[in-house]
$ cat protein-v2.cif   # mmCIF, C-alpha atoms
data_data
#
loop_
_atom_site.label_atom_id
_atom_site.label_comp_id
_atom_site.auth_asym_id
_atom_site.auth_seq_id
_atom_site.Cartn_x
_atom_site.Cartn_y
_atom_site.Cartn_z
CA MET S 1 41.19 9.06 76.22
CA ALA S 2 43.09 8.62 72.96
CA GLY S 3 42.06 4.93 72.81
CA TRP S 4 38.44 5.86 73.40
CA ALA S 5 38.59 8.41 70.57
CA TRP S 6 40.19 5.82 68.32
CA ARG S 7 37.41 3.34 69.04
CA ILE S 8 34.84 5.92 68.03
CA ALA S 9 36.64 7.04 64.88
CA GLY S 10 38.04 3.72 63.72
CA GLY S 11 36.08 1.10 65.63
CA PRO S 12 32.68 -0.43 64.99
CA ALA S 13 31.15 2.88 63.92
CA TRP S 14 33.78 3.31 61.26
CA ARG S 15 33.31 -0.24 60.03
CA ALA S 16 29.52 0.22 59.84
CA GLY S 17 29.94 3.34 57.73
CA THR S 18 32.29 1.51 55.40
CA LEU S 19 29.83 -1.36 55.01
CA ALA S 20 27.07 1.11 54.20
CA ILE S 21 29.16 2.58 51.40
CA LEU S 22 30.00 -0.87 50.07
CA CYS S 23 26.34 -1.92 50.16
CA ALA S 24 25.34 1.17 48.25
CA SER S 25 27.80 0.36 45.46
CA LEU S 26 27.34 -3.42 45.47
CA THR S 27 23.58 -3.71 45.15
CA THR S 28 23.79 -7.27 43.92
CA SER S 29 25.37 -8.35 47.22
CA CYS S 30 23.71 -6.14 49.81
CA GLY S 31 20.77 -4.43 48.14
CA LYS S 32 17.48 -5.81 46.94
CA HIS S 33 17.75 -7.82 43.72
CA ARG S 34 16.08 -6.09 40.75
CA ASP S 35 14.27 -8.12 38.15
CA PRO S 36 15.14 -7.32 34.51
CA ALA S 37 12.70 -5.09 32.63
CA PRO S 38 9.88 -7.13 31.06
CA THR S 39 10.22 -7.82 27.34
CA PRO S 40 7.77 -5.65 25.41
CA PRO S 41 5.10 -7.57 23.46
CA PRO S 42 5.76 -7.99 19.74
CA SER S 43 4.44 -5.12 17.68
CA LYS S 44 1.33 -5.73 15.63
CA PRO S 45 1.78 -5.94 11.86
CA THR S 46 1.05 -2.75 9.96
CA VAL S 47 0.60 -4.32 6.54
CA LYS S 48 -1.28 -7.35 5.25
CA VAL S 49 -0.73 -9.03 1.90
CA ALA S 50 -3.79 -8.72 -0.31
CA PRO S 51 -5.39 -11.65 -2.19
CA PRO S 52 -4.48 -12.14 -5.86
CA THR S 53 -6.59 -10.53 -8.55
CA PRO S 54 -7.82 -12.77 -11.41
CA ILE S 55 -5.22 -11.37 -13.80
CA GLU S 56 -2.42 -12.08 -11.34
CA THR S 57 -3.58 -15.67 -10.93
CA LYS S 58 -3.76 -16.12 -14.70
CA LYS S 59 -0.37 -14.56 -15.32
CA ALA S 60 1.23 -16.64 -12.59
CA GLU S 61 -0.10 -19.78 -14.26
CA MET S 62 1.28 -18.67 -17.61
CA GLY S 63 4.60 -17.44 -16.27
CA GLY S 64 3.92 -13.78 -17.07
CA SER S 65 4.33 -10.57 -15.06
CA GLU S 66 3.00 -10.97 -11.54
CA TRP S 67 2.12 -8.60 -8.74
CA ASP S 68 5.01 -8.43 -6.28
CA PRO S 69 3.81 -8.75 -2.62
CA GLN S 70 6.25 -5.96 -1.77
CA TRP S 71 4.05 -3.65 -3.82
CA ASP S 72 1.29 -4.26 -1.26
CA ARG S 73 3.63 -2.89 1.39
CA ILE S 74 4.40 0.18 -0.73
CA VAL S 75 0.71 0.99 -1.17
CA GLU S 76 -0.24 0.35 2.45
CA GLN S 77 2.57 2.46 3.85
CA ALA S 78 1.76 5.33 1.49
CA LEU S 79 -1.89 5.60 2.57
CA PRO S 80 -2.79 8.80 4.44
CA PRO S 81 -4.81 8.23 7.67
CA ALA S 82 -7.96 9.70 6.11
CA MET S 83 -8.09 6.85 3.59
CA LEU S 84 -8.62 4.53 6.55
CA SER S 85 -11.50 6.56 7.96
CA THR S 86 -15.12 7.46 7.29
CA ALA S 87 -13.84 10.27 5.04
CA VAL S 88 -13.69 7.70 2.24
CA PRO S 89 -16.70 8.11 -0.11
CA ARG S 90 -19.63 5.76 0.37
CA ASP S 91 -19.24 4.12 -3.02
CA VAL S 92 -16.24 2.26 -1.60
CA ARG S 93 -18.93 -0.21 -0.48
CA ARG S 94 -19.61 -1.19 -4.08
CA PHE S 95 -16.82 -3.76 -3.81
CA CYS S 96 -16.19 -3.69 -0.07
CA PRO S 97 -19.53 -3.49 1.81
CA ARG S 98 -17.97 -3.69 5.29
CA PHE S 99 -15.21 -1.14 4.70
CA TYR S 100 -16.27 1.17 7.54
CA GLN S 101 -16.48 -1.71 10.04
CA MET S 102 -13.13 -3.25 9.13
CA SER S 103 -9.93 -2.98 11.16
CA THR S 104 -7.22 -0.59 10.02
CA LEU S 105 -5.12 -3.56 8.95
CA ASP S 106 -7.91 -4.92 6.75
CA LYS S 107 -8.59 -1.49 5.26
CA ARG S 108 -4.94 -1.27 4.25
CA SER S 109 -5.21 -4.69 2.67
CA PHE S 110 -8.29 -3.62 0.72
CA TRP S 111 -6.48 -0.61 -0.73
CA ALA S 112 -3.52 -2.80 -1.67
CA TYR S 113 -5.94 -5.07 -3.53
CA PHE S 114 -7.67 -2.05 -5.10
CA PHE S 115 -4.43 -0.75 -6.58
CA GLN S 116 -3.47 -4.24 -7.71
CA ALA S 117 -6.80 -4.41 -9.57
CA LEU S 118 -6.25 -0.94 -11.01
CA ALA S 119 -2.75 -1.89 -12.20
CA GLY S 120 -4.20 -5.04 -13.73
CA ALA S 121 -6.81 -3.10 -15.68
CA GLU S 122 -4.47 -0.26 -16.64
CA ALA S 123 -1.20 -2.04 -17.41
CA GLY S 124 -1.74 -5.78 -17.14
CA LEU S 125 0.53 -5.68 -14.05
CA ASP S 126 3.52 -4.82 -16.27
CA PRO S 127 5.48 -1.93 -14.68
CA THR S 128 7.14 -1.00 -18.01
CA THR S 129 3.88 -0.47 -19.94
CA ARG S 130 3.76 2.75 -22.00
CA VAL S 131 0.72 3.91 -23.98
CA ARG S 132 0.17 6.88 -26.24
CA HIS S 133 -3.52 7.72 -26.32
CA THR S 134 -5.36 9.15 -29.30
CA GLU S 135 -8.42 10.48 -27.46
CA PRO S 136 -8.63 14.29 -27.86
CA GLU S 137 -8.75 14.94 -24.11
CA VAL S 138 -5.45 13.15 -23.50
CA ALA S 139 -3.70 13.47 -26.89
CA VAL S 140 -1.93 16.65 -25.79
CA LYS S 141 1.59 17.76 -24.97
CA ASP S 142 3.02 16.92 -21.59
CA GLY S 143 3.85 20.18 -19.82
CA VAL S 144 7.03 18.70 -18.33
CA THR S 145 8.50 16.75 -21.24
CA GLY S 146 7.23 18.95 -24.06
CA ARG S 147 6.28 15.77 -25.92
CA MET S 148 2.95 14.11 -26.59
CA VAL S 149 1.58 12.62 -23.40
CA ARG S 150 2.29 8.97 -22.75
CA SER S 151 0.80 7.06 -19.84
CA GLU S 152 3.45 4.95 -18.14
CA GLY S 153 3.99 2.32 -15.49
CA LEU S 154 1.68 0.18 -13.35
CA LEU S 155 -0.92 2.93 -12.98
CA GLN S 156 -0.36 4.66 -16.33
CA LEU S 157 0.80 8.03 -15.04
CA THR S 158 2.48 11.03 -16.70
CA TYR S 159 5.38 13.33 -15.89
CA GLU S 160 2.92 16.18 -15.33
CA ASP S 161 1.79 14.33 -12.20
CA GLN S 162 5.18 15.24 -10.77
CA GLU S 163 4.09 18.88 -10.59
CA ARG S 164 0.39 18.33 -9.92
CA TYR S 165 0.68 15.86 -7.07
CA GLY S 166 4.31 16.00 -5.93
CA CYS S 167 5.22 12.61 -7.39
CA ASP S 168 8.81 11.37 -7.35
CA PHE S 169 9.45 11.46 -11.11
CA ASP S 170 12.59 12.95 -12.65
CA TRP S 171 12.30 13.69 -16.36
CA GLU S 172 15.83 15.10 -16.61
CA HIS S 173 17.13 11.73 -15.43
CA ASP S 174 14.70 9.61 -17.45
CA ARG S 175 15.13 11.38 -20.78
CA ARG S 176 18.58 9.83 -21.14
CA LEU S 177 17.27 6.28 -20.80
CA GLU S 178 15.52 3.91 -23.19
CA ALA S 179 11.73 4.18 -23.32
CA LYS S 180 11.08 0.99 -21.34
CA ASP S 181 14.16 1.05 -19.14
CA PRO S 182 12.94 -0.09 -15.67
CA ALA S 183 15.44 2.34 -14.15
CA LYS S 184 13.27 5.26 -15.25
CA THR S 185 11.82 6.94 -12.19
CA ILE S 186 8.28 6.92 -13.58
CA LEU S 187 8.44 3.17 -14.25
CA GLN S 188 9.76 2.19 -10.84
CA PRO S 189 6.83 0.52 -9.00
CA LYS S 190 7.47 2.37 -5.74
CA ASN S 191 7.33 5.81 -7.38
CA ASN S 192 4.40 4.89 -9.60
CA LEU S 193 2.27 3.38 -6.83
CA GLU S 194 3.01 6.12 -4.30
CA CYS S 195 2.01 8.67 -6.92
CA GLY S 196 -1.21 6.77 -7.58
CA VAL S 197 -2.11 6.89 -3.89
CA LYS S 198 -1.54 10.66 -3.91
CA ILE S 199 -3.75 11.11 -6.97
CA LEU S 200 -6.62 9.06 -5.53
CA ALA S 201 -6.33 10.76 -2.14
CA ASN S 202 -6.56 14.14 -3.85
CA GLN S 203 -9.66 13.03 -5.74
CA ILE S 204 -11.66 11.55 -2.87
CA LEU S 205 -10.39 13.57 0.11
CA GLU S 206 -9.59 17.05 -1.23
CA GLN S 207 -11.94 17.28 -4.20
CA HIS S 208 -14.61 15.17 -2.42
CA LYS S 209 -15.38 13.19 -5.55
CA PRO S 210 -16.74 9.64 -5.49
CA LEU S 211 -14.27 6.80 -5.76
CA TYR S 212 -15.82 5.83 -9.09
CA SER S 213 -16.20 9.23 -10.69
CA ASN S 214 -16.84 10.07 -14.33
CA THR S 215 -14.41 12.96 -13.89
CA GLY S 216 -11.78 10.96 -12.04
CA TYR S 217 -8.17 10.48 -13.12
CA TRP S 218 -8.43 6.91 -14.44
CA SER S 219 -10.90 6.00 -17.19
CA THR S 220 -11.08 2.47 -15.73
CA LEU S 221 -12.76 3.94 -12.62
CA ARG S 222 -15.43 5.78 -14.60
CA MET S 223 -18.56 3.68 -14.45
CA GLY S 224 -19.86 4.98 -17.77
CA ASN S 225 -16.62 4.04 -19.52
CA ALA S 226 -16.16 0.77 -21.42
CA ASN S 227 -12.84 0.19 -19.61
CA TYR S 228 -14.62 0.09 -16.25
CA ALA S 229 -15.62 -3.52 -16.91
CA MET S 230 -11.93 -4.45 -17.00
CA PHE S 231 -11.45 -3.02 -13.52
CA ALA S 232 -14.65 -4.52 -12.12
CA LYS S 233 -13.54 -7.95 -13.32
CA GLN S 234 -10.37 -7.62 -11.24
CA MET S 235 -12.38 -6.69 -8.13
CA THR S 236 -13.95 -10.14 -7.79
CA ASN S 237 -11.56 -11.48 -5.14
CA VAL S 238 -11.45 -8.67 -2.58
CA PRO S 239 -10.25 -9.49 0.97
CA ILE S 240 -12.67 -11.63 2.98
CA ALA S 241 -13.04 -8.86 5.58
CA CYS S 242 -14.98 -6.84 2.98
CA GLY S 243 -17.92 -9.18 3.52
CA VAL S 244 -18.35 -10.18 -0.11
CA VAL S 245 -19.48 -13.72 -0.86
CA HIS S 246 -17.23 -15.00 -3.62
CA ARG S 247 -19.43 -17.02 -5.94
CA ARG S 248 -18.02 -19.81 -8.01
CA LYS S 249 -17.99 -19.44 -11.77
CA PRO S 250 -21.23 -20.72 -13.34
CA ALA S 251 -19.31 -23.12 -15.59
CA ALA S 252 -17.52 -24.68 -12.64
CA ALA S 253 -20.76 -25.02 -10.68
CA SER S 254 -22.48 -26.60 -13.69
CA GLU S 255 -19.73 -29.19 -14.13
CA GLU S 256 -19.95 -30.08 -10.44
CA ALA S 257 -23.71 -30.46 -10.70
CA LYS S 258 -23.30 -32.81 -13.65
CA SER S 259 -20.88 -34.98 -11.71
CA GLU S 260 -23.41 -35.35 -8.90
CA ARG S 261 -26.28 -36.48 -11.13
CA PRO S 262 -27.22 -40.13 -10.86
CA ARG S 263 -26.19 -42.23 -13.83
#
$ encode --input "protein-v2.cif" --output "structure tokens"
Amino acid sequence: MAGWAWRIAGGPAWRAGTLAILCASLTTSCGKHRDPAPTPPPSKPTVKVAPPTPIETKKAEMGGSEWDPQWDRIVEQALPPAMLSTAVPRDVRRFCPRFYQMSTLDKRSFWAYFFQALAGAEAGLDPTTRVRHTEPEVAVKDGVTGRMVRSEGLLQLTYEDQERYGCDFDWEHDRRLEAKDPAKTILQPKNNLECGVKILANQILEQHKPLYSNTGYWSTLRMGNANYAMFAKQMTNVPIACGVVHRRKPAAASEEAKSERPR
């Protein structure tokens, strides 16, 4: 009787139970082999480098200040979703006819080009540019600095924009530095460009003004202003996705025609 009980408790039944426990813990030996989790597909790019504006091309040839491709990334990452939607005013099609049909990536690239063109017209792509204007409407005291307003940086902004639009400028820090010290918060391209995006977004999304408004922030975007021609000249190499046919310069075309004439 004792032997029979031993065979039940410690015989084949006991060994089967032990094997079951071992199989549960050693899945690679007894269980079904599990394939490793599939590698996720590479994420799609969220930014796209914009083409060069005419002034950038010229400055690059002459060894002057150039547009840093990293500034494209700053602009594109600062864009609010609404600036990639149909909420953008229709006059965006003046230089980008296919804006509403473009992919999000191409829309970001257009805005990067737009701000490059604006910086070219406003500051010649030089992030340390400072200008004191004499026009009555802007020759006033800056409410933050207590001094006469000076437009500064790539997009020619002021310290008052810190309060108006929540820009990352710090006058208490900057007042201790030299006028054109690139360490000044208002001259740092990231701060200046991000502020510019906020200003334009406020104009076209919150105030519902046209992109090219005679009451807009920048005089170079006012079509009735003489400075507008400077901006328009920089908008002649917009991204291909905009659907604009880039015509060759008349002089270049004329020279080519001459070379093809029979002699």
$ atom_distance --input "protein-v2.cif" --atom1 "atom CA of Tyr113 of chain S" --atom2 "atom CA of Ile186 of chain S"
21.1 Å
$ resolve_selection --input "protein-v2.cif" --expression "the PyMOL selection byres ((chain S and resi 120) around 12)" --output "ChimeraX atom specification"
/S:52-59,65-67,113-119,121-127,129,153-156,220,227-235
$ residues_around --input "protein-v2.cif" --residues "Met148 of chain S" --least-positions-apart "4" --cutoff "8 Å" --atoms "all atoms listed in the file" --output "PDB file with C-alpha atoms, in the coordinates of the input"
ATOM      1  CA  ARG S 132       0.170   6.880 -26.240  1.00  0.00           C
ATOM      2  CA  ALA S 139      -3.700  13.470 -26.890  1.00  0.00           C
ATOM      3  CA  VAL S 140      -1.930  16.650 -25.790  1.00  0.00           C
ATOM      4  CA  LYS S 141       1.590  17.760 -24.970  1.00  0.00           C
ATOM      5  CA  ASP S 142       3.020  16.920 -21.590  1.00  0.00           C
TER       6      ASP S 142
END
$ atom_distance --input "protein-v2.cif" --atom1 "atom CA of Trp71 of chain S" --atom2 "atom CA of Ser103 of chain S"
20.5 Å
$ resolve_selection --input "protein-v2.cif" --expression "the PyMOL selection byres ((chain S and resi 191-196) around 8)" --output "ChimeraX atom specification"
/S:71,74-75,78,115,153-155,157,161,165-169,185-190,197-200
$ axis_aligned_box --input "protein-v2.cif" --around "segment 76-88 of chain S" --padding-each-side "3 Å" --output "AutoDock Vina command-line options"
--center_x -6.3 --center_y 5.3 --center_z 4.7 --size_x 23.7 --size_y 15.9 --size_z 12.5
$ atom_distance --input "protein-v2.cif" --atom1 "atom CA of Glu172 of chain S" --atom2 "atom CA of Val144 of chain S"
9.7 Å
$ build_atoms --input "protein-v2.cif" --residues "segment 183-199 of chain S" --atoms "N, CA, C and O atoms" --output "compact mmCIF listing (two decimals), keeping the file's coordinate frame"
# COMPACT_ATOMS: atom_id res chain seq x y z
N ALA S 183 14.77 1.40 -15.04
CA ALA S 183 15.44 2.34 -14.15
C ALA S 183 14.80 3.72 -14.20
O ALA S 183 15.09 4.57 -13.35
N LYS S 184 13.94 3.96 -15.18
CA LYS S 184 13.27 5.26 -15.25
C LYS S 184 12.45 5.48 -13.99
O LYS S 184 11.76 4.57 -13.53
N THR S 185 12.50 6.67 -13.46
CA THR S 185 11.82 6.94 -12.19
C THR S 185 10.31 6.75 -12.29
O THR S 185 9.67 6.33 -11.33
N ILE S 186 9.74 7.05 -13.45
CA ILE S 186 8.28 6.92 -13.58
C ILE S 186 7.85 5.47 -13.70
O ILE S 186 6.69 5.13 -13.43
N LEU S 187 8.77 4.59 -14.10
CA LEU S 187 8.44 3.17 -14.25
C LEU S 187 8.73 2.36 -12.99
O LEU S 187 8.29 1.21 -12.89
N GLN S 188 9.45 2.91 -12.07
CA GLN S 188 9.76 2.19 -10.84
C GLN S 188 8.48 2.02 -10.03
O GLN S 188 7.79 3.00 -9.72
N PRO S 189 8.10 0.77 -9.69
CA PRO S 189 6.83 0.52 -9.00
C PRO S 189 6.61 1.38 -7.77
O PRO S 189 5.50 1.86 -7.54
N LYS S 190 7.64 1.58 -6.97
CA LYS S 190 7.47 2.37 -5.74
C LYS S 190 7.01 3.79 -6.07
O LYS S 190 6.04 4.30 -5.50
N ASN S 191 7.70 4.43 -7.01
CA ASN S 191 7.33 5.81 -7.38
C ASN S 191 5.95 5.86 -8.01
O ASN S 191 5.15 6.77 -7.73
N ASN S 192 5.66 4.90 -8.88
CA ASN S 192 4.40 4.89 -9.60
C ASN S 192 3.22 4.66 -8.66
O ASN S 192 2.20 5.36 -8.72
N LEU S 193 3.36 3.70 -7.76
CA LEU S 193 2.27 3.38 -6.83
C LEU S 193 2.06 4.49 -5.80
O LEU S 193 0.92 4.84 -5.48
N GLU S 194 3.15 5.03 -5.27
CA GLU S 194 3.01 6.12 -4.30
C GLU S 194 2.34 7.33 -4.94
O GLU S 194 1.53 8.01 -4.31
N CYS S 195 2.65 7.56 -6.21
CA CYS S 195 2.01 8.67 -6.92
C CYS S 195 0.52 8.38 -7.09
O CYS S 195 -0.32 9.27 -6.92
N GLY S 196 0.19 7.13 -7.42
CA GLY S 196 -1.21 6.77 -7.58
C GLY S 196 -2.02 6.98 -6.31
O GLY S 196 -3.17 7.44 -6.37
N VAL S 197 -1.43 6.67 -5.17
CA VAL S 197 -2.11 6.89 -3.89
C VAL S 197 -2.36 8.39 -3.70
O VAL S 197 -3.44 8.80 -3.26
N LYS S 198 -1.38 9.21 -4.04
CA LYS S 198 -1.54 10.66 -3.91
C LYS S 198 -2.66 11.18 -4.81
O LYS S 198 -3.46 12.03 -4.40
N ILE S 199 -2.72 10.66 -6.02
CA ILE S 199 -3.75 11.11 -6.97
C ILE S 199 -5.14 10.73 -6.46
O ILE S 199 -6.06 11.55 -6.48
